[in-house]
Amino acid sequence: MAISDFYAEYANSLTRLTIFVKDSANDTVAASSEAIELMNNQEIHVIIGPQKSTQAKFVIDLGEKAQIPIISYSATSPSLDPTHNPYFIRTCQDDYNQVQAIASLVRNFGWQEVVLIYEDTEFGNGLIPYLTDALQQVKTRVCYRSVISPSSNYQLKIAKELGQIMARKSRVLLVHMTAFLGSELFRQAAEVGMMSKGFAWIVTDGFSTLLDPTISNVFDSMQGVLGVRPLVPLSKGLKDFKMRWKTRFFNGTDQNGKNTEISLFGLWAYDTIWAVAKAVETVAKIDYSVFGEKVIGRIDEIDSFGIRVSKSGSMLLERLERTKFEGLSGEFDLRRRQLQPVAYEIVNVVEKRERIIGYWKRKEGIVSVKTANSSGDALKTIIWPGSTKAPPKGWVLPIIGDQLKIGVPVTDGFKKFTKVEWDPRTNEPKISGFSHDIFLEALDKLPFAVPYKFIPYANSSRKMAGTYDQFISEINHKKFDAVIGDITILANRASHVDFTLPYYEAGVSMIVKIKDDKKNIWIFLKPLSLDLWLTTGCAFVFTGFIIWILEHRTNAQFRGENLVNNWSRFVMIIWIFVVLILTQSYTASLASILTVQRLQPAIVDVDELIRNGAFVGYSKNSYVREFLIAQLKFNESKLKFLASPEEYHEALSKGSKNGGVDAIFDEIPFIKLFLAKYCSKYMMAGPTYRSDGFGFAFSLGSPLVSHFSRTILNVTQDYKRMQELEYKYFGDYKTKCEDQAGSIFSSDGPSLSVYSFGGLFIITGLASICSCVIYLVKFYRNHWSAVNSVHPGSSLLRKFSTMAKHFDKKDDIPLDTLNQSSDSISIRDQLSPGIDEGISQNHSTNLKQELVLGTTAGVSEEGEHDCSVVVDSEQFVDGGGEYHFTQTNGEKVGN
């Protein structure tokens with residue numbers, strides 16, 4: 001058909017291809033012999049074939065000696081590299097091109113282990129190293145290689161290998177075979193139940209390319225199989241060719257039941273003939289004389305044949321490398337002497353047909369089949385073996401039998417972690433709870449399927465059949481394969497079972513009553529610490545002393561409210577600011593203490609319980625009893641077991657003296673559940689004795705432990721999902737008691753300290769000191785010259801003593817009207833300048849200068865009266881700094 005179509009289109013060609021057909025009889029030696037016969041006797045210029053990679057390997061060497069292009073449209077093994085064989089041209093897709101497509105498909109479903117099934121031929125072995133490397137890059141391990149030779153007893157070999165595979169855990173099977181062996185493989189796999197739910201089968205393009213022309217009954221054994229094969233774009237030429245193909249050769253379906261569709265290898269064969277015809281025509285136009293041969297070598301006792309060397313071989317090879325056209329299989333490009341990589345289509349065998357479910361492209365990876373209402377990157381729905389739509393996990397545990405037996409505790413009181421209920425009609429147990437949900441979440445994330453069955457650990461009364469230690473020991477007695485629930489990971493338990501990583505934090509603590517601290521008569525001292533009280537008192541005294549210094553000489557009403565000195569006013573403003581902040585802080589802290597419920601435990605010391613001989617409680621069936629005796633040294637006679645939150649409440653409310661307990665020891669998760677109901681009366685106190693938390697237990701050496709531990713990490717690190725589960729089961733505690741838990745021991749927290757107000761005290765101290773220093777410096781500067789002139793020969797100490805005595809005297813006028821005036825005048829401000837001036841101008845001890853004060857001395861009914869005051873300068877000097885005041889009439893009015 002290819003020759004006919006080519007010369008129908010190119011009727012004026014200078015050349016015409018003549019085909020000599022030789023049958024290799026599926027034998028490598030026969031293929032080589034037939035090739036030599038063609039080279040020597042038929043004067044051929046190109047050899048197309050052989051079909052199999054094993055045969056092609058030998059024929060390629062002969063072609064190199066004869067310099068004849070060897071063209072294969074079906075030898076796909078990567079070991080046949082055209083770059084290493086100069087006269088070899090591959091007009092099909094190299095098997096290497098599909099390994100990335102297969103690896104992407106495996107990664108898409110998260111399979112971590114794969115079994116390789118391939119034939120022991122050049123075709124089968126050539127791809128395996130590349131396929132293994134590609135799978136390793138997506139973190140998938142090849143756990144087993146099943147190699148089947150196409151020998152006479154291949155059927156027995158296939159049956160044996162299928163038995164080996166069934167005994168293994170992996171259920172992802174990757175098949176790299178030709179249709180001859182592959183058809184028998186799937187027939188036997190269906191018979192032994194390996195085409196059922198849980199299995200995943202993938203075939204490479206060596207088989208999937210031939211699915212259409214295979215015998216139709218093979219499809220019955222391949223339901224759910226996935227395959228990859230090169231993408232052939234639809235074209236008008238391809239549709240016309242397929243119609244002519246059916247009409248010419250089959251007229252529908254032949255009597256042997258073969259499908260009439262032509263395979264991709266047939267399309268490549270058609271395009272190969274066109275490529276050769278084009279190359280021959282081009283060479284003929286350049287140099288027609290090259291189509292002749294000469295003999296080299298000779299026949300002797302070693303060689304039984306001679307090989308003719310082609311003159312046209314090198315020129316044909318060059319033209320074939322440049323060949324590029326649009327063929328039936330798509331773009332036919334022979335750069336680097338082989339067909340260039342294309343995209344791959346992913347097919348799914350359903351009933352007796354194939355469904356294209358997606359594509360793989362080199363740059364984009366797996367992409368979807370674009371439809372009118374879908375443009376995503378996901379594959380279309382896949383029908384897997386067993387007619388299921390759920391992707392297989394790809395991994396099972398054949399050692400566990402039919403189902404994994406999961407033990408579940410039957411708790412009496414705290415049922416948030418595991419709750420067992422029996423259906424009154426079917427009498428079947430129904431399991432729920434936080435631990436149950438975590439287990440199912442982890443189970444769903446496993447990379448393999450685990451059939452399981454929950455079995456309650458209950459007696460005939462449907463109560464817990466024993467303690468938790470006895471419950472866990474049932475794993476060693478083969479009653480359970482694993483146990484779930486609120487199982488605490490402990491060292492003594494880990495000696496005979498294996499635990500997963502913890503899925504919930506745990507530990508032991510103590511529940512006690514809340515102490516009422518509101519009857520404390522000294523609670524008003526609590527807001528401020530002792531150092532702050534002392535510092536505030538010292539600052540008060542210090543500020544008062546500074547105000548006294550600043551107001552002492554000039555303020556006649558010092559015990560009143562008015563301040564007359566600007567520096568004292570400045571100091572007082574700063575101090576009032578400090579006091580305001582202290583007052584507000586004290587008020588806020590005291591209000592918080594008196595109005596907010598303060599959580600203070602009635603008992604915080606375990607030794608106090610032991611010393612007083614108090615009764616304590618513990619959870620029934622828990623390991624806490626042994627912990628109290630062995631670790632905390634409680635007397636066994638002082639221990640009481642309790643089963644439910646209601647019993648906890650009743651025992652604590654009574655107390656030891658009334659037949660109850662003073663404290664209860666339990667694991668923190670259960671304490672939280674208890675406080676969710678009674679957080680207004682009780683609290684968690686004392687130290688927390690840590691444990692590794694809650695986990696799931698399996699038999700020693702179980703391969704499930706590591707897998708479950710990894711998936712538990714995935715679950716617990718999914719914060720959004722964990723939050724949903726915690727609120728579902730522990731929402732009461734989170735909404736009612738978490739604020740309380742955060743304020744535990746708030747009454748024993750630190751009071752406001754001096755450090756909190758250090759900046760304020762520094763500010764007021766600096767303001768007071770600076771004001772005082774400035775005032776004193778100004779006073780001594782104003783009076784030092786007068787003292788120095790009056791006592792020129794006195795010592796420095798005498799002069800300072802005189803100044804100090806003078807500072808201690810008030811500058812006021814003892815007039816009744818002055819004291820009565822609301823606008824009192826500072827005598828120091830009015831009198832001192834005159835005095836200083838008089839002293840500096842008159843040094844006579846007998847001199848008296850009359851100074852008239854510019855003020856109203858008094859007001860009477862008769863009107864205003866002026867008065868004058870005489871300063872006795874002699875008394876000022878000799879009298880130790882005293883002022884003697886007399887009226888002008890000689891009457892003494894004060895000093």
# chains A, B, ... in the order shown; residues from 1 in each chain; ligands from 1
>>> residues_around(residues="segment 174-181 of chain A", least_positions_apart="6", cutoff="7 Å", atoms="only C-alpha atoms", output="PyMOL selection string")
chain A and resi 114-119+124+150+201-204+206-207+210
>>> residues_around(residues="Tyr288 of chain A", least_positions_apart="2", cutoff="12 Å", atoms="only C-alpha atoms", output="PyMOL selection string")
chain A and resi 14-15+280-286+290-292+311-312+315-316
>>> residues_around(residues="Lys430 of chain A", least_positions_apart="6", cutoff="12 Å", atoms="only C-alpha atoms", output="PDB file with C-alpha atoms, in the first residue's frame")
ATOM      1  CA  VAL A 408     -10.662  -1.437  71.036  1.00  0.00           C
ATOM      2  CA  VAL A 410     -14.466  -0.477  76.343  1.00  0.00           C
ATOM      3  CA  THR A 418     -13.071   5.418  72.229  1.00  0.00           C
ATOM      4  CA  LYS A 419     -16.758   4.698  72.495  1.00  0.00           C
ATOM      5  CA  VAL A 420     -18.257   1.261  71.871  1.00  0.00           C
ATOM      6  CA  GLU A 421     -21.966   0.875  71.261  1.00  0.00           C
ATOM      7  CA  TRP A 422     -23.859  -2.260  70.268  1.00  0.00           C
ATOM      8  CA  ASP A 423     -26.579  -2.245  67.678  1.00  0.00           C
ATOM      9  CA  PRO A 424     -29.678  -3.662  69.403  1.00  0.00           C
ATOM     10  CA  HIS A 436     -10.890   5.847  66.257  1.00  0.00           C
ATOM     11  CA  LYS A 453     -11.868  -5.416  61.687  1.00  0.00           C
ATOM     12  CA  PHE A 454     -12.558  -3.734  65.056  1.00  0.00           C
ATOM     13  CA  ILE A 455     -12.959  -6.078  68.023  1.00  0.00           C
ATOM     14  CA  PRO A 456     -14.044  -4.632  71.417  1.00  0.00           C
TER      15      PRO A 456
END
>>> closest_residue(among="A:Leu105, A:Leu673, A:Met722, A:Leu490", to="Val367 of chain A", atoms="only C-alpha atoms")
A:Leu105
>>> select_by_dssp(residues="segment 293-538 of chain A", states="strand (DSSP E or B)", output="PyMOL selection string")
chain A and resi 293-296+307-310+324-327+330-333+338+344-350+353-361+365-367+371+374+384+388+395+404-409+419-422+429-432+452-458+464+482-483+488+498-499+504+507-515+528
>>> closest_residue(among="A:Asn566, A:Trp360, A:Arg690, A:Gly759", to="Ile581 of chain A", atoms="only C-alpha atoms")
A:Gly759
